[in-house]
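Quick look at run-v8.csv (CSV, C-alpha atoms):
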```csv
chain,number,residue,atom,x,y,z
J,1,MET,CA,84.6,-13.9,-19.6
J,2,SER,CA,88.1,-14.5,-21.1
J,3,PHE,CA,89.4,-12.9,-24.3
J,4,CYS,CA,89.1,-16.2,-26.1
J,5,ASP,CA,85.5,-16.7,-24.9
J,6,LEU,CA,84.7,-13.2,-26.3
J,7,LEU,CA,86.2,-14.1,-29.7
J,8,GLY,CA,83.8,-17.0,-29.8
J,9,TYR,CA,80.8,-14.6,-29.9
J,10,LEU,CA,82.2,-12.5,-32.8
J,11,PRO,CA,81.5,-13.3,-36.4
J,12,GLY,CA,84.5,-14.3,-38.4
J,13,ARG,CA,84.6,-11.0,-40.4
J,14,GLU,CA,84.8,-9.0,-37.1
J,15,ILE,CA,87.5,-11.2,-35.7
J,16,PHE,CA,89.6,-10.6,-38.9
J,17,SER,CA,89.0,-6.9,-38.6
J,18,LEU,CA,90.0,-6.9,-35.0
J,19,PHE,CA,93.5,-8.2,-35.8
J,20,PHE,CA,93.9,-6.9,-39.4
J,21,PRO,CA,92.0,-3.6,-39.6
J,22,GLN,CA,91.4,-2.6,-43.2
J,23,ILE,CA,93.1,0.5,-44.4
J,24,MET,CA,91.5,2.8,-47.0
J,25,LYS,CA,94.0,4.0,-49.5
J,26,ILE,CA,92.7,7.0,-51.4
J,27,GLU,CA,94.0,6.4,-54.9
J,28,ALA,CA,91.9,9.0,-56.8
J,29,ILE,CA,88.9,11.3,-56.5
J,30,THR,CA,86.5,12.2,-59.3
J,31,LEU,CA,84.4,15.3,-59.0
J,32,ARG,CA,81.7,16.1,-61.5
J,33,GLU,CA,78.7,18.3,-62.1
J,34,ILE,CA,75.5,16.9,-63.4
J,35,HIS,CA,72.3,18.7,-64.5
J,36,MET,CA,68.9,17.2,-63.6
J,37,PRO,CA,65.5,18.9,-64.3
J,38,LEU,CA,62.9,18.6,-61.6
J,39,VAL,CA,59.5,17.1,-62.4
J,40,HIS,CA,57.9,20.1,-60.8
J,41,PHE,CA,59.3,23.4,-59.7
J,42,PHE,CA,60.1,23.8,-56.0
J,43,GLU,CA,59.6,27.2,-54.4
J,44,THR,CA,60.7,28.4,-50.9
J,45,SER,CA,61.0,31.9,-49.4
J,46,PHE,CA,64.4,32.0,-51.3
J,47,GLY,CA,62.9,31.6,-54.8
J,48,ARG,CA,61.8,29.0,-57.3
J,49,THR,CA,64.0,26.1,-58.6
J,50,HIS,CA,63.2,24.3,-61.8
J,51,SER,CA,66.4,22.2,-62.2
J,52,ARG,CA,69.5,21.2,-60.2
J,53,ARG,CA,73.2,21.6,-60.8
J,54,ILE,CA,74.4,18.7,-58.6
J,55,LEU,CA,78.0,18.0,-57.6
J,56,LEU,CA,78.8,14.3,-57.3
J,57,LEU,CA,82.1,12.9,-55.9
J,58,THR,CA,83.6,9.5,-56.2
J,59,VAL,CA,86.5,8.2,-54.1
J,60,HIS,CA,88.5,5.3,-55.6
J,61,CYS,CA,89.9,3.1,-52.9
J,62,ASP,CA,91.6,-0.2,-53.8
J,63,GLY,CA,89.0,-1.1,-56.4
J,64,VAL,CA,86.1,0.2,-54.4
J,65,ASN,CA,84.2,3.3,-55.4
J,66,GLY,CA,82.4,5.4,-52.8
J,67,TRP,CA,79.9,8.0,-53.9
J,68,GLY,CA,78.9,11.3,-52.2
J,69,GLU,CA,76.8,14.2,-53.2
J,70,CYS,CA,77.2,17.9,-52.4
J,71,VAL,CA,73.9,19.4,-51.3
J,72,ALA,CA,74.9,23.0,-52.0
J,73,GLY,CA,72.4,25.0,-54.1
J,74,GLU,CA,73.1,26.8,-57.3
J,75,ASP,CA,73.2,30.2,-55.5
J,76,PRO,CA,74.3,31.2,-52.0
J,77,PHE,CA,70.8,31.8,-50.6
J,78,TYR,CA,70.1,28.9,-48.3
J,79,SER,CA,73.7,28.8,-47.3
J,80,SER,CA,76.8,30.8,-48.0
J,81,GLU,CA,78.0,27.7,-49.9
J,82,TRP,CA,77.0,27.2,-53.5
J,83,THR,CA,78.0,25.0,-56.5
J,84,GLU,CA,81.0,27.0,-57.5
J,85,SER,CA,82.4,27.5,-54.0
J,86,CYS,CA,82.2,23.8,-53.3
J,87,TRP,CA,83.9,22.9,-56.5
J,88,SER,CA,86.8,25.2,-55.7
J,89,VAL,CA,87.2,24.1,-52.1
J,90,ILE,CA,87.0,20.4,-52.9
J,91,THR,CA,89.6,20.6,-55.7
J,92,ARG,CA,92.0,23.0,-54.1
J,93,TYR,CA,91.9,21.9,-50.4
J,94,LEU,CA,89.8,18.9,-49.4
J,95,ALA,CA,90.7,16.4,-52.1
J,96,PRO,CA,94.5,17.0,-51.8
J,97,SER,CA,94.3,16.5,-48.0
J,98,VAL,CA,93.3,12.9,-48.4
J,99,LEU,CA,94.7,11.9,-51.8
J,100,GLY,CA,97.3,9.2,-51.5
J,101,GLY,CA,96.7,8.9,-47.8
J,102,ASN,CA,95.7,5.8,-45.7
J,103,LEU,CA,92.6,6.1,-43.4
J,104,GLU,CA,91.6,3.5,-40.9
J,105,ALA,CA,88.0,4.8,-41.1
J,106,ALA,CA,86.1,7.4,-43.0
J,107,ARG,CA,85.6,9.5,-39.8
J,108,ASP,CA,89.3,10.1,-39.7
J,109,CYS,CA,89.1,12.6,-42.6
J,110,ALA,CA,87.3,15.2,-40.3
J,111,ALA,CA,90.6,16.0,-38.6
J,112,LEU,CA,92.3,16.4,-42.0
J,113,PHE,CA,89.6,18.9,-43.1
J,114,ALA,CA,89.7,20.9,-39.8
J,115,LYS,CA,92.1,23.5,-41.1
J,116,VAL,CA,89.5,24.6,-43.6
J,117,ARG,CA,87.0,26.8,-41.8
J,118,GLY,CA,83.4,26.2,-42.6
J,119,HIS,CA,82.5,24.8,-46.1
J,120,ARG,CA,80.6,22.0,-44.5
J,121,MET,CA,78.7,21.0,-47.6
J,122,ALA,CA,81.9,20.5,-49.5
J,123,LYS,CA,83.4,18.5,-46.6
J,124,ALA,CA,80.3,16.3,-46.4
J,125,ALA,CA,80.4,15.4,-50.0
J,126,LEU,CA,83.9,13.9,-49.6
J,127,GLU,CA,83.4,12.4,-46.1
J,128,ASN,CA,80.2,10.7,-47.0
J,129,ALA,CA,81.7,9.2,-50.1
J,130,LEU,CA,84.4,7.8,-47.8
J,131,TRP,CA,81.8,6.3,-45.5
J,132,ASP,CA,80.2,4.6,-48.5
J,133,ALA,CA,83.6,3.2,-49.5
J,134,GLU,CA,84.4,2.0,-46.0
J,135,ALA,CA,81.0,0.2,-45.8
J,136,LYS,CA,81.6,-1.5,-49.2
J,137,GLN,CA,85.2,-2.5,-48.2
J,138,LYS,CA,83.8,-4.1,-45.0
J,139,GLY,CA,80.8,-5.7,-46.7
J,140,LEU,CA,78.4,-3.8,-44.4
J,141,PRO,CA,75.3,-1.8,-45.1
J,142,LEU,CA,76.1,1.9,-44.6
J,143,TRP,CA,73.3,2.2,-42.0
J,144,GLN,CA,74.9,-0.5,-39.9
J,145,LEU,CA,78.3,1.1,-40.1
J,146,LEU,CA,76.6,4.3,-38.9
J,147,GLY,CA,75.1,2.4,-35.9
J,148,GLY,CA,71.5,2.5,-37.2
J,149,LYS,CA,68.8,0.3,-35.7
J,150,ARG,CA,65.7,0.6,-37.9
J,151,SER,CA,64.7,-1.8,-40.7
J,152,GLU,CA,62.4,0.8,-42.2
J,153,ILE,CA,61.9,4.6,-41.8
J,154,ALA,CA,58.8,6.8,-41.7
J,155,CYS,CA,58.5,9.4,-44.4
J,156,GLY,CA,57.0,12.8,-44.6
J,157,VAL,CA,56.9,15.2,-47.6
J,158,SER,CA,57.9,18.8,-48.1
J,159,ILE,CA,55.7,20.8,-50.5
J,160,GLY,CA,56.9,24.1,-51.9
J,161,ILE,CA,55.0,27.3,-52.4
J,162,GLN,CA,52.5,26.9,-55.2
J,163,ASP,CA,50.9,29.3,-57.7
J,164,SER,CA,47.6,29.0,-55.9
J,165,VAL,CA,46.1,27.6,-52.7
J,166,GLU,CA,44.0,25.3,-54.8
J,167,GLN,CA,47.1,23.9,-56.4
J,168,LEU,CA,48.6,23.3,-53.0
J,169,ILE,CA,45.5,21.6,-51.7
J,170,ASP,CA,45.6,19.2,-54.8
J,171,LYS,CA,49.2,18.4,-54.1
J,172,ILE,CA,48.5,17.7,-50.4
J,173,GLN,CA,45.7,15.4,-51.4
J,174,ARG,CA,48.0,13.4,-53.7
J,175,GLU,CA,50.7,13.1,-51.1
J,176,LEU,CA,48.3,11.9,-48.4
J,177,ALA,CA,46.9,9.3,-50.9
J,178,ALA,CA,50.5,8.2,-51.5
J,179,GLY,CA,50.8,7.4,-47.8
J,180,TYR,CA,53.1,10.1,-46.5
J,181,ARG,CA,52.9,10.4,-42.7
J,182,ARG,CA,53.6,14.1,-42.3
J,183,ILE,CA,52.9,17.1,-44.6
J,184,LYS,CA,55.2,20.1,-44.5
J,185,ILE,CA,54.5,23.3,-46.4
J,186,LYS,CA,56.8,26.2,-47.1
J,187,VAL,CA,55.6,29.5,-45.7
J,188,LYS,CA,56.6,33.2,-46.0
J,189,PRO,CA,54.8,36.5,-45.2
J,190,GLY,CA,51.7,36.6,-47.4
J,191,TRP,CA,51.7,32.8,-47.8
J,192,ASP,CA,51.2,31.5,-44.3
J,193,VAL,CA,48.1,32.0,-42.0
J,194,ASN,CA,45.6,32.1,-44.8
J,195,VAL,CA,47.1,29.0,-46.4
J,196,LEU,CA,47.2,27.1,-43.1
J,197,GLU,CA,43.5,28.0,-42.5
J,198,LYS,CA,42.5,26.4,-45.8
J,199,ILE,CA,44.5,23.3,-45.1
J,200,ARG,CA,43.1,22.8,-41.6
J,201,SER,CA,39.5,23.5,-42.8
J,202,ARG,CA,40.0,20.5,-45.2
J,203,TRP,CA,42.1,18.2,-42.9
J,204,ALA,CA,41.7,18.8,-39.2
J,205,ASP,CA,43.8,15.9,-38.0
J,206,ILE,CA,46.7,15.3,-40.4
J,207,THR,CA,50.2,15.8,-39.0
J,208,LEU,CA,51.1,19.2,-40.4
J,209,SER,CA,54.2,21.4,-40.1
J,210,CYS,CA,55.5,24.5,-41.9
J,211,ASP,CA,59.0,25.7,-42.9
J,212,ALA,CA,59.8,29.4,-43.0
J,213,ASN,CA,63.5,29.2,-44.1
J,214,SER,CA,64.3,32.3,-42.1
J,215,ALA,CA,61.5,34.4,-43.6
J,216,TYR,CA,60.4,36.2,-40.4
J,217,SER,CA,61.9,38.5,-37.8
J,218,LEU,CA,61.4,38.9,-34.1
J,219,ASP,CA,59.2,42.0,-34.5
J,220,GLN,CA,56.6,39.7,-36.2
J,221,VAL,CA,56.0,37.7,-33.0
J,222,GLU,CA,52.3,38.7,-32.9
J,223,HIS,CA,51.8,37.4,-36.4
J,224,LEU,CA,53.7,34.2,-35.6
J,225,ARG,CA,51.5,33.6,-32.5
J,226,ALA,CA,48.6,33.1,-35.0
J,227,PHE,CA,50.3,29.8,-36.1
J,228,ASP,CA,49.5,28.4,-32.7
J,229,GLN,CA,45.8,27.9,-33.6
J,230,PHE,CA,46.7,25.3,-36.3
J,231,ASN,CA,48.0,22.5,-34.1
J,232,LEU,CA,51.3,22.2,-36.0
J,233,LEU,CA,53.9,19.6,-35.3
J,234,MET,CA,56.4,22.5,-35.6
J,235,ILE,CA,57.4,25.7,-37.3
J,236,GLU,CA,60.8,25.2,-38.8
J,237,GLN,CA,63.5,28.0,-38.8
J,238,PRO,CA,61.2,31.1,-38.5
J,239,LEU,CA,64.1,33.5,-37.8
J,240,TRP,CA,67.6,34.2,-39.0
J,241,ASP,CA,69.8,31.3,-40.0
J,242,ASP,CA,72.7,32.4,-37.7
J,243,ASP,CA,70.7,33.2,-34.6
J,244,ILE,CA,69.9,30.8,-31.8
J,245,PHE,CA,69.4,33.5,-29.1
J,246,TYR,CA,66.4,35.1,-30.7
J,247,HIS,CA,64.8,31.7,-31.4
J,248,ALA,CA,65.0,31.1,-27.7
J,249,ARG,CA,63.1,34.3,-27.0
J,250,LEU,CA,60.6,33.4,-29.7
J,251,GLN,CA,60.0,29.9,-28.4
J,252,LYS,CA,59.0,31.3,-25.0
J,253,GLU,CA,56.2,33.2,-26.9
J,254,LEU,CA,54.8,30.3,-28.9
J,255,ARG,CA,52.9,27.1,-28.0
J,256,THR,CA,54.0,25.6,-31.3
J,257,ALA,CA,57.4,23.8,-31.2
J,258,ILE,CA,60.2,25.6,-33.1
J,259,CYS,CA,62.4,23.3,-35.1
J,260,LEU,CA,65.9,24.6,-36.0
J,261,ASP,CA,67.4,23.8,-39.4
J,262,GLU,CA,69.8,26.3,-40.8
J,263,SER,CA,71.0,27.4,-37.4
J,264,ILE,CA,72.3,23.8,-36.6
J,265,VAL,CA,75.6,23.7,-38.4
J,266,SER,CA,77.5,21.7,-35.8
J,267,ASN,CA,77.2,19.7,-32.6
J,268,ARG,CA,78.2,22.8,-30.6
J,269,ALA,CA,75.3,24.7,-32.2
J,270,ALA,CA,72.9,21.9,-31.2
J,271,ALA,CA,74.2,21.9,-27.7
J,272,VAL,CA,73.7,25.7,-27.4
J,273,ALA,CA,70.2,25.4,-28.8
J,274,ALA,CA,69.4,22.7,-26.3
J,275,GLU,CA,70.9,24.7,-23.4
J,276,THR,CA,69.0,27.9,-24.2
J,277,ALA,CA,65.7,26.1,-25.1
J,278,ALA,CA,65.7,27.7,-28.5
J,279,CYS,CA,63.8,24.8,-30.0
J,280,ARG,CA,62.0,21.5,-29.1
J,281,ILE,CA,62.9,19.7,-32.3
J,282,ILE,CA,66.0,19.6,-34.6
J,283,ASN,CA,66.4,18.9,-38.3
J,284,ILE,CA,69.7,17.2,-39.1
J,285,LYS,CA,70.8,17.5,-42.7
J,286,VAL,CA,74.0,15.5,-43.1
J,287,GLY,CA,75.3,17.9,-45.9
J,288,ARG,CA,74.6,21.0,-43.9
J,289,VAL,CA,76.6,19.8,-40.8
J,290,GLY,CA,79.7,18.6,-42.6
J,291,GLY,CA,79.1,14.9,-42.9
J,292,PHE,CA,78.1,11.7,-41.1
J,293,SER,CA,80.6,12.1,-38.2
J,294,GLU,CA,79.1,15.5,-37.1
J,295,ALA,CA,75.6,14.4,-37.8
J,296,LYS,CA,76.0,11.4,-35.5
J,297,LYS,CA,77.3,13.7,-32.7
J,298,ILE,CA,74.3,16.0,-33.1
J,299,HIS,CA,72.0,13.0,-33.0
J,300,ASP,CA,73.6,11.8,-29.7
J,301,THR,CA,73.5,15.3,-28.1
J,302,CYS,CA,69.8,15.6,-29.0
J,303,HIS,CA,69.1,12.1,-27.7
J,304,SER,CA,70.7,12.9,-24.3
J,305,ARG,CA,68.6,16.1,-24.1
J,306,LYS,CA,65.4,14.3,-25.1
J,307,ILE,CA,65.1,16.4,-28.3
J,308,PRO,CA,63.6,14.4,-31.2
J,309,VAL,CA,65.3,14.8,-34.6
J,310,TRP,CA,64.4,14.1,-38.2
J,311,CYS,CA,66.3,14.2,-41.5
J,312,GLY,CA,65.7,17.1,-43.9
J,313,GLY,CA,66.1,17.1,-47.6
J,314,MET,CA,67.9,19.3,-50.0
J,315,LEU,CA,66.5,18.3,-53.4
J,316,GLU,CA,69.1,15.5,-53.6
J,317,SER,CA,69.5,12.9,-56.3
J,318,GLY,CA,69.3,9.3,-55.3
J,319,ILE,CA,72.9,9.3,-54.1
J,320,GLY,CA,72.3,12.0,-51.4
J,321,ARG,CA,68.8,10.5,-50.8
J,322,SER,CA,70.3,7.1,-50.0
J,323,HIS,CA,72.7,8.7,-47.5
J,324,ASN,CA,69.7,10.4,-45.8
J,325,ILE,CA,68.0,7.0,-45.6
J,326,ALA,CA,71.0,5.5,-43.9
J,327,LEU,CA,71.2,8.4,-41.4
J,328,SER,CA,67.5,8.1,-40.6
J,329,THR,CA,68.0,4.6,-39.2
J,330,LEU,CA,69.6,6.0,-36.0
J,331,GLY,CA,67.5,5.6,-32.9
J,332,ASN,CA,66.6,9.2,-32.2
J,333,PHE,CA,65.2,9.9,-35.7
J,334,SER,CA,61.7,9.5,-34.3
J,335,LEU,CA,59.8,11.9,-36.5
J,336,PRO,CA,59.0,11.4,-40.2
J,337,GLY,CA,61.7,13.1,-42.3
J,338,ASP,CA,61.7,14.7,-45.8
J,339,VAL,CA,63.2,11.5,-47.4
J,340,SER,CA,60.5,11.0,-50.0
J,341,ALA,CA,60.3,8.9,-53.2
J,342,SER,CA,62.6,9.6,-56.2
J,343,LYS,CA,59.6,10.0,-58.5
J,344,ARG,CA,58.4,13.2,-56.6
J,345,TYR,CA,61.5,15.0,-58.0
J,346,TRP,CA,63.0,13.2,-61.0
J,347,LYS,CA,61.6,11.6,-64.2
J,348,GLU,CA,64.4,9.1,-63.7
J,349,ASP,CA,66.8,8.9,-60.8
J,350,ILE,CA,70.5,8.0,-61.0
J,351,ILE,CA,70.2,5.0,-58.6
J,352,ASP,CA,68.6,1.5,-59.0
J,353,PRO,CA,66.2,0.7,-57.6
J,354,GLU,CA,64.8,4.2,-57.2
J,355,VAL,CA,63.7,5.3,-53.7
J,356,GLN,CA,60.2,4.0,-53.2
J,357,VAL,CA,57.7,4.8,-50.4
J,358,SER,CA,55.2,2.1,-49.4
J,359,PRO,CA,51.4,2.9,-49.2
J,360,GLN,CA,52.0,3.0,-45.4
J,361,GLY,CA,54.5,5.9,-45.8
J,362,MET,CA,57.6,3.8,-45.1
J,363,ILE,CA,61.0,3.1,-46.8
J,364,LYS,CA,62.4,-0.4,-46.3
J,365,ILE,CA,66.1,-0.4,-45.6
J,366,SER,CA,68.4,-2.6,-47.7
J,367,ASP,CA,70.9,-5.1,-46.2
J,368,GLN,CA,73.3,-4.8,-49.2
J,369,PRO,CA,76.8,-3.4,-48.7
J,370,GLY,CA,77.1,0.4,-48.9
J,371,THR,CA,73.9,2.4,-49.5
J,372,GLY,CA,72.2,-0.7,-51.0
J,373,TYR,CA,71.5,1.1,-54.3
J,374,ARG,CA,73.3,0.6,-57.6
J,375,ILE,CA,74.7,3.7,-59.2
J,376,LYS,CA,73.6,4.3,-62.9
J,377,GLU,CA,77.0,5.3,-64.1
J,378,ASP,CA,76.1,5.4,-67.8
J,379,MET,CA,73.2,7.8,-67.0
J,380,ILE,CA,75.5,9.9,-64.9
J,381,GLU,CA,78.0,10.2,-67.7
J,382,LYS,CA,75.2,11.5,-70.0
J,383,LEU,CA,74.2,14.1,-67.5
J,384,THR,CA,77.7,15.3,-66.7
J,385,ALA,CA,78.4,18.9,-67.6
J,386,ARG,CA,82.0,18.9,-66.3
J,387,LYS,CA,84.3,16.3,-64.7
J,388,GLU,CA,87.8,16.2,-63.2
J,389,THR,CA,89.7,13.3,-61.7
J,390,PHE,CA,92.6,13.8,-59.2
J,391,ARG,CA,95.1,11.1,-58.7
J,392,ALA,CA,97.6,10.4,-56.0
J,393,ALA,CA,101.2,11.2,-56.9
J,394,ALA,CA,103.1,8.2,-58.0
```

Using structure tokens, write down the structure from this file.
Amino acid sequence: MSFCDLLGYLPGREIFSLFFPQIMKIEAITLREIHMPLVHFFETSFGRTHSRRILLLTVHCDGVNGWGECVAGEDPFYSSEWTESCWSVITRYLAPSVLGGNLEAARDCAALFAKVRGHRMAKAALENALWDAEAKQKGLPLWQLLGGKRSEIACGVSIGIQDSVEQLIDKIQRELAAGYRRIKIKVKPGWDVNVLEKIRSRWADITLSCDANSAYSLDQVEHLRAFDQFNLLMIEQPLWDDDIFYHARLQKELRTAICLDESIVSNRAAAVAAETAACRIINIKVGRVGGFSEAKKIHDTCHSRKIPVWCGGMLESGIGRSHNIALSTLGNFSLPGDVSASKRYWKEDIIDPEVQVSPQGMIKISDQPGTGYRIKEDMIEKLTARKETFRAAA
């Protein structure tokens, strides 16, 4: 086939982009903190959360605004990053590295951020905003720009530690009635085997998993073996967040699949986990790994090793949630993720329409440019506790 014949198969927009690639000029960046109370507290082995301090980031590129969300928590418990560290790193190092610059694609920012070691959640907030801006500039849905294939994604739900087992059973009943395809509960010593026994005595066949958030140690292997009796899809991150080696030792002792979450901070970490058989499933959180570019690499590595992946949640607002939806359209996201409906967390979300889950436990993917959701900027302004805009030098 000749080059001219090939052009005949390309849409007009792609032909234009081939000869005149669009350049993203970063004119300004706005960073803000908003406060959003949760509909219901969410408790893990780290503690109980009643409301969120969320950092939102907007990149202003030639009249197009791309939005990102920093998933760091209020305290350095899940990760060494937290709200204040991310604000400082973004304002002092990351934003200046791209302001006034010209990028051919959002993924190009990763090289500019490389001199800053770690701080992946801060990096992801800015990189993901650039991906949103690039998709809007090109008139493409974000999921297509990422290389997604799915027109809808399957949804699971994560349920935190409750005040009583009875309260937990009631919440599971409501989520099953809402159509969710996988139930995940948080566990910790003292809230684990007895709770799983109650759940399985009520529902013998539901798809069930648990998440320990590093609450156990390797000397508790006999206790962890008791989890095997419950036919779990997985036990997520039972051991230390920075340890893949001991997870490999533990996986040899358990029939239940281990899923790694906090340990997977990069594609290199995913490759090591695969090589050492430290897990059989991997949770990809786009904020935890530094942004879409690294998340896609991890997805591809896991696909080549036949390790299924799913998308975890971090109590995001609708902006971060819409990014999770786009990522979940990639081919190897074969297990239901934690991308659940907005109403489970917020009385009112900051996007329109809010994220909705069908009675069949699915989210339909929008074909609109960018994330496919409109940002409620007036509402965001009312929720804003602090705000700073950085502009390129004249």

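Excluding Gly312 (chain J) itself and same-chain residues fewer than 3 positions from it, the residues having an atom within 8 Å of it are Asn283, Ile284, Lys285, Gly337, Asp338 and Val339 of chain J, counting all atoms listed in the file.
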
Practice task
Calculate how many Å separate CA of Lys252 (chain J) from CA of Ala204 (chain J), rounding to one decimal.
Solution key: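 Rounded to one decimal, the two atoms are 25.6 Å apart.
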
Problem - Spatial neighbours of Ile351 (chain J), 7 Å, only C-alpha atoms, chain gap at least 5 places, as a PyMOL selection string - result: chain J and resi 318-319+373-376

Keeping only C-alpha atoms, write those residues as a PDB file, in the frame of the given file.
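Saved to out.pdb:
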```
ATOM      1  CA  GLY J 318      69.300   9.300 -55.300  1.00  0.00           C
ATOM      2  CA  ILE J 319      72.900   9.300 -54.100  1.00  0.00           C
ATOM      3  CA  TYR J 373      71.500   1.100 -54.300  1.00  0.00           C
ATOM      4  CA  ARG J 374      73.300   0.600 -57.600  1.00  0.00           C
ATOM      5  CA  ILE J 375      74.700   3.700 -59.200  1.00  0.00           C
ATOM      6  CA  LYS J 376      73.600   4.300 -62.900  1.00  0.00           C
TER       7      LYS J 376
END
```

Problem - Which residue of J:Thr276, J:Ser342, J:Gly361, J:His60 approaches Val39 (chain J) most closely, using all atoms listed in the file - result: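 Selected residue with least distance to Val39 (chain J): J:Ser342.
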
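A straight line drawn from CA of Pro76 (chain J) to CA of Gly47 (chain J) is 11.7 Å long.
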
Handout entry: Contacts of Ser322 (chain J) within 10 Å, all atoms listed in the file, excl. fewer than 5 positions in-chain, as a ChimeraX atom specification
Key = /J:68,142-143,316-317,327-328,339,351,354-355,365,370-373

Practice task
List every protein, DNA or RNA residue that has at least one atom no more than 12 Å from (52.5, 19.8, -37.6) in the file's coordinates, counting only C-alpha atoms, and write the result as an MDAnalysis selection string.
Solution key: chainID J and resid 156:158 181:185 196 199:200 203:211 227:236 256:259 281 335:336

In the coordinate frame of the file, compute which residues have an atom within 7 Å of (65.8, 13.5, -36.1) when using all atoms listed in the file, and state them as an mmCIF file with C-alpha atoms, keeping the file's coordinate frame.
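File written: out.cif
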```cif
data_model
loop_
_atom_site.group_PDB
_atom_site.id
_atom_site.type_symbol
_atom_site.label_atom_id
_atom_site.label_comp_id
_atom_site.auth_asym_id
_atom_site.auth_seq_id
_atom_site.Cartn_x
_atom_site.Cartn_y
_atom_site.Cartn_z
ATOM 1 C CA ILE J 282 66.000 19.600 -34.600
ATOM 2 C CA ASN J 283 66.400 18.900 -38.300
ATOM 3 C CA ILE J 284 69.700 17.200 -39.100
ATOM 4 C CA HIS J 299 72.000 13.000 -33.000
ATOM 5 C CA PRO J 308 63.600 14.400 -31.200
ATOM 6 C CA VAL J 309 65.300 14.800 -34.600
ATOM 7 C CA TRP J 310 64.400 14.100 -38.200
ATOM 8 C CA CYS J 311 66.300 14.200 -41.500
ATOM 9 C CA ASN J 332 66.600 9.200 -32.200
ATOM 10 C CA PHE J 333 65.200 9.900 -35.700
ATOM 11 C CA SER J 334 61.700 9.500 -34.300
ATOM 12 C CA LEU J 335 59.800 11.900 -36.500
#
```

Practice task
Find the residues near Ala326 (chain J): any atom within 12 Å, counting all atoms listed in the file, skip ones fewer than 3 places away on the same chain, and give them as a ChimeraX atom specification.
Solution key: /J:128,131-132,135,140-153,286,292,295-296,311,319-323,329-331,333,339,363-373

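Atom pair CA of Leu130 (chain J) / CA of Ala392 (chain J) has a distance of 15.8 Å (rounded to one decimal).
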
Handout entry: Close residues, Ala72 (chain J) itself excluded, 7 Å, all atoms listed in the file, min 3 positions apart in chain, as a list in words
Key =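 The filter keeps Glu81, Trp82, Thr83 and Met121 of chain J.
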
Practice task
Choose the residue, out of J:Pro353, J:Gly160, J:Gly179, J:Pro238, that has the smallest atom-to-atom separation from Arg48 (chain J); count all atoms listed in the file.
Solution key: J:Gly160

Problem - Pick from J:Leu56, J:Asp378, J:Ala385, J:Gly290 nearest to Phe113 (chain J), counting only C-alpha atoms - result: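 Checking each candidate against Phe113 (chain J), we get J:Gly290 as the closest.
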
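Among the candidate residues J:Ala28, J:Ala177, J:Leu38, J:Val195, the one lying nearest to Asp62 (chain J) is J:Ala28, with distances computed using all atoms listed in the file.
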
Problem - Among listed residues J:Thr44, J:Ser51, J:Ser79, J:Thr384, nearest Gly287 (chain J) (using only C-alpha atoms) - result: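 Distance minimum relative to Gly287 (chain J) lands on J:Ser79.
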